[in-house]
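Notes for the one structure printed next.
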Amino acid sequence: MTHVSFSDLRTAAYCPRKLYYARQDDDRGGPPAVDAVRDLAFRYDDLLESADSALAAEPIAVDPATYRERLETARDRLESRGRWATLCEPEVRDLLATGRHCRGVVHKVLADPLEPSLLSPGRPPARGVWEPHSVHAVAAAKALAWERETAVETAIVEYPAYGVIRRIDLTTRRKASYRRALRTVRSLDGPPPRVRNRSKCESCAYAETCGVRTRTLRSLLGFG
Ligand code: SF4
């Protein structure tokens, strides 16, 4: 059976209908280039030592003081678990991992214990990680576990532009969401229903095609 890509899983977890449109467009490459933001995640120690003026010139999304404070908190937490050094200098960077059902790039592979870390260019939620990132993290962990024949119990999602690093357990609920997304990708045929959570539509590139009127447009028209 054909392997499902991590990006398709992520999009299906966000909105199955969006995946349908992306396939029609043959546009499943994910968001535009975000290399500069992802590169931050390999320079945390340097960033912690940087002056405000130097930090302000980086592609960060919060003010330098907030950024440094968040990174310091993350560093202290991960150092206490012996994971900071390996997060900054992972065993492998940008590994194309192929599991039993899916494949894609794992941005960082941490060793002892084996653990994937994913780099999101966007904003983190107030707590935890976004659902598409959770699904992506489970997929990456499963692919690594399959390749190395080793159990993987946790994953990390980094939001480098915000100085936020979140570690998650691969719980039964997260694995169930992953399996649901996998089924969605494999069974996609016609256009699925629109998502109920219309706040997702505001940043969706297919809002017009989809026929969804976003809050922004309603506001512009004076109906918001
Ligand atoms: S506009 Fe909303 S419902 Fe339509 S594809 Fe995008 S996220 Fe899904």
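Numbering starts fresh at 1 for the residues of each chain in the structure tokens, the chains themselves are lettered A, B, ... in the order given, and ligands are numbered from 1 as they appear.
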Residue contacts of stretch 187-203 of chain A (7 Å, only C-alpha atoms) excluding same-chain residues fewer than 2 positions away, as JSON, numbers by chain: {"A": [15, 16, 17, 20, 183, 184, 185, 205, 207, 214, 215]}
Selection file, N, CA and C atoms, as a PDB file, in the first residue's frame:
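The resulting part-v3.pdb:
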ATOM      1  N   CYS A  15      -8.174  19.830   8.288  1.00  0.00           N
ATOM      2  CA  CYS A  15      -9.473  19.842   7.614  1.00  0.00           C
ATOM      3  C   CYS A  15      -9.404  18.901   6.415  1.00  0.00           C
ATOM      4  N   PRO A  16     -10.178  17.820   6.413  1.00  0.00           N
ATOM      5  CA  PRO A  16     -10.143  16.876   5.285  1.00  0.00           C
ATOM      6  C   PRO A  16     -10.478  17.548   3.953  1.00  0.00           C
ATOM      7  N   ARG A  17     -11.370  18.528   4.014  1.00  0.00           N
ATOM      8  CA  ARG A  17     -11.752  19.210   2.781  1.00  0.00           C
ATOM      9  C   ARG A  17     -10.572  19.993   2.194  1.00  0.00           C
ATOM     10  N   TYR A  20      -8.534  17.733   0.248  1.00  0.00           N
ATOM     11  CA  TYR A  20      -9.165  17.465  -1.046  1.00  0.00           C
ATOM     12  C   TYR A  20      -8.790  18.555  -2.053  1.00  0.00           C
ATOM     13  N   ARG A 183      -6.927   7.156   8.000  1.00  0.00           N
ATOM     14  CA  ARG A 183      -8.114   6.647   7.290  1.00  0.00           C
ATOM     15  C   ARG A 183      -8.685   7.723   6.377  1.00  0.00           C
ATOM     16  N   THR A 184      -8.692   8.960   6.866  1.00  0.00           N
ATOM     17  CA  THR A 184      -9.236  10.069   6.068  1.00  0.00           C
ATOM     18  C   THR A 184      -8.449  10.231   4.781  1.00  0.00           C
ATOM     19  N   VAL A 185      -7.132  10.221   4.885  1.00  0.00           N
ATOM     20  CA  VAL A 185      -6.295  10.394   3.689  1.00  0.00           C
ATOM     21  C   VAL A 185      -6.557   9.261   2.707  1.00  0.00           C
ATOM     22  N   ALA A 205      -6.069  28.755   2.566  1.00  0.00           N
ATOM     23  CA  ALA A 205      -5.844  29.279   1.211  1.00  0.00           C
ATOM     24  C   ALA A 205      -6.998  28.923   0.272  1.00  0.00           C
ATOM     25  N   ALA A 207     -10.310  29.113   1.079  1.00  0.00           N
ATOM     26  CA  ALA A 207     -11.585  29.632   1.602  1.00  0.00           C
ATOM     27  C   ALA A 207     -12.520  30.065   0.471  1.00  0.00           C
ATOM     28  N   THR A 214     -15.098  34.103   5.465  1.00  0.00           N
ATOM     29  CA  THR A 214     -14.378  34.190   6.738  1.00  0.00           C
ATOM     30  C   THR A 214     -14.829  35.387   7.537  1.00  0.00           C
ATOM     31  N   ARG A 215     -14.496  35.358   8.837  1.00  0.00           N
ATOM     32  CA  ARG A 215     -14.871  36.456   9.727  1.00  0.00           C
ATOM     33  C   ARG A 215     -14.278  37.776   9.234  1.00  0.00           C
TER      34      ARG A 215
END
Distance query A:Ala61 at most 7 Å, only C-alpha atoms, self and fewer than 2 positions along chain excluded, as a PyMOL selection string: chain A and resi 59+63+161-162
Write out as a short mmCIF file (atom, residue, chain, number, x, y, z; two decimals) with N, CA and C atoms, in the first residue's frame the residues lying within 7 Å of A:Leu182, counting only C-alpha atoms and excluding same-chain residues fewer than 4 positions away.
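Contents of the output file out.cif:
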data_model
loop_
_atom_site.label_atom_id
_atom_site.label_comp_id
_atom_site.auth_asym_id
_atom_site.auth_seq_id
_atom_site.Cartn_x
_atom_site.Cartn_y
_atom_site.Cartn_z
N LEU A 9 -1.18 13.89 6.19
CA LEU A 9 -1.78 13.57 7.49
C LEU A 9 -2.09 14.85 8.27
N TYR A 178 -4.29 10.03 15.06
CA TYR A 178 -3.41 9.68 13.94
C TYR A 178 -4.09 8.66 13.02
N ARG A 186 -6.63 8.06 3.22
CA ARG A 186 -6.76 6.90 2.32
C ARG A 186 -8.14 6.79 1.69
#
Backbone DSSP call of strand (DSSP E) for stretch 64-220 of chain A, listed as a PyMOL selection string: chain A and resi 92-98+102-110+115-119+154-159+164-169
A:Ala85, A:Ala126, A:Val164, A:Leu19 ranked by distance to A:Glu69, top pick (using only C-alpha atoms):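 So, comparing all the options, the nearest one is A:Val164.
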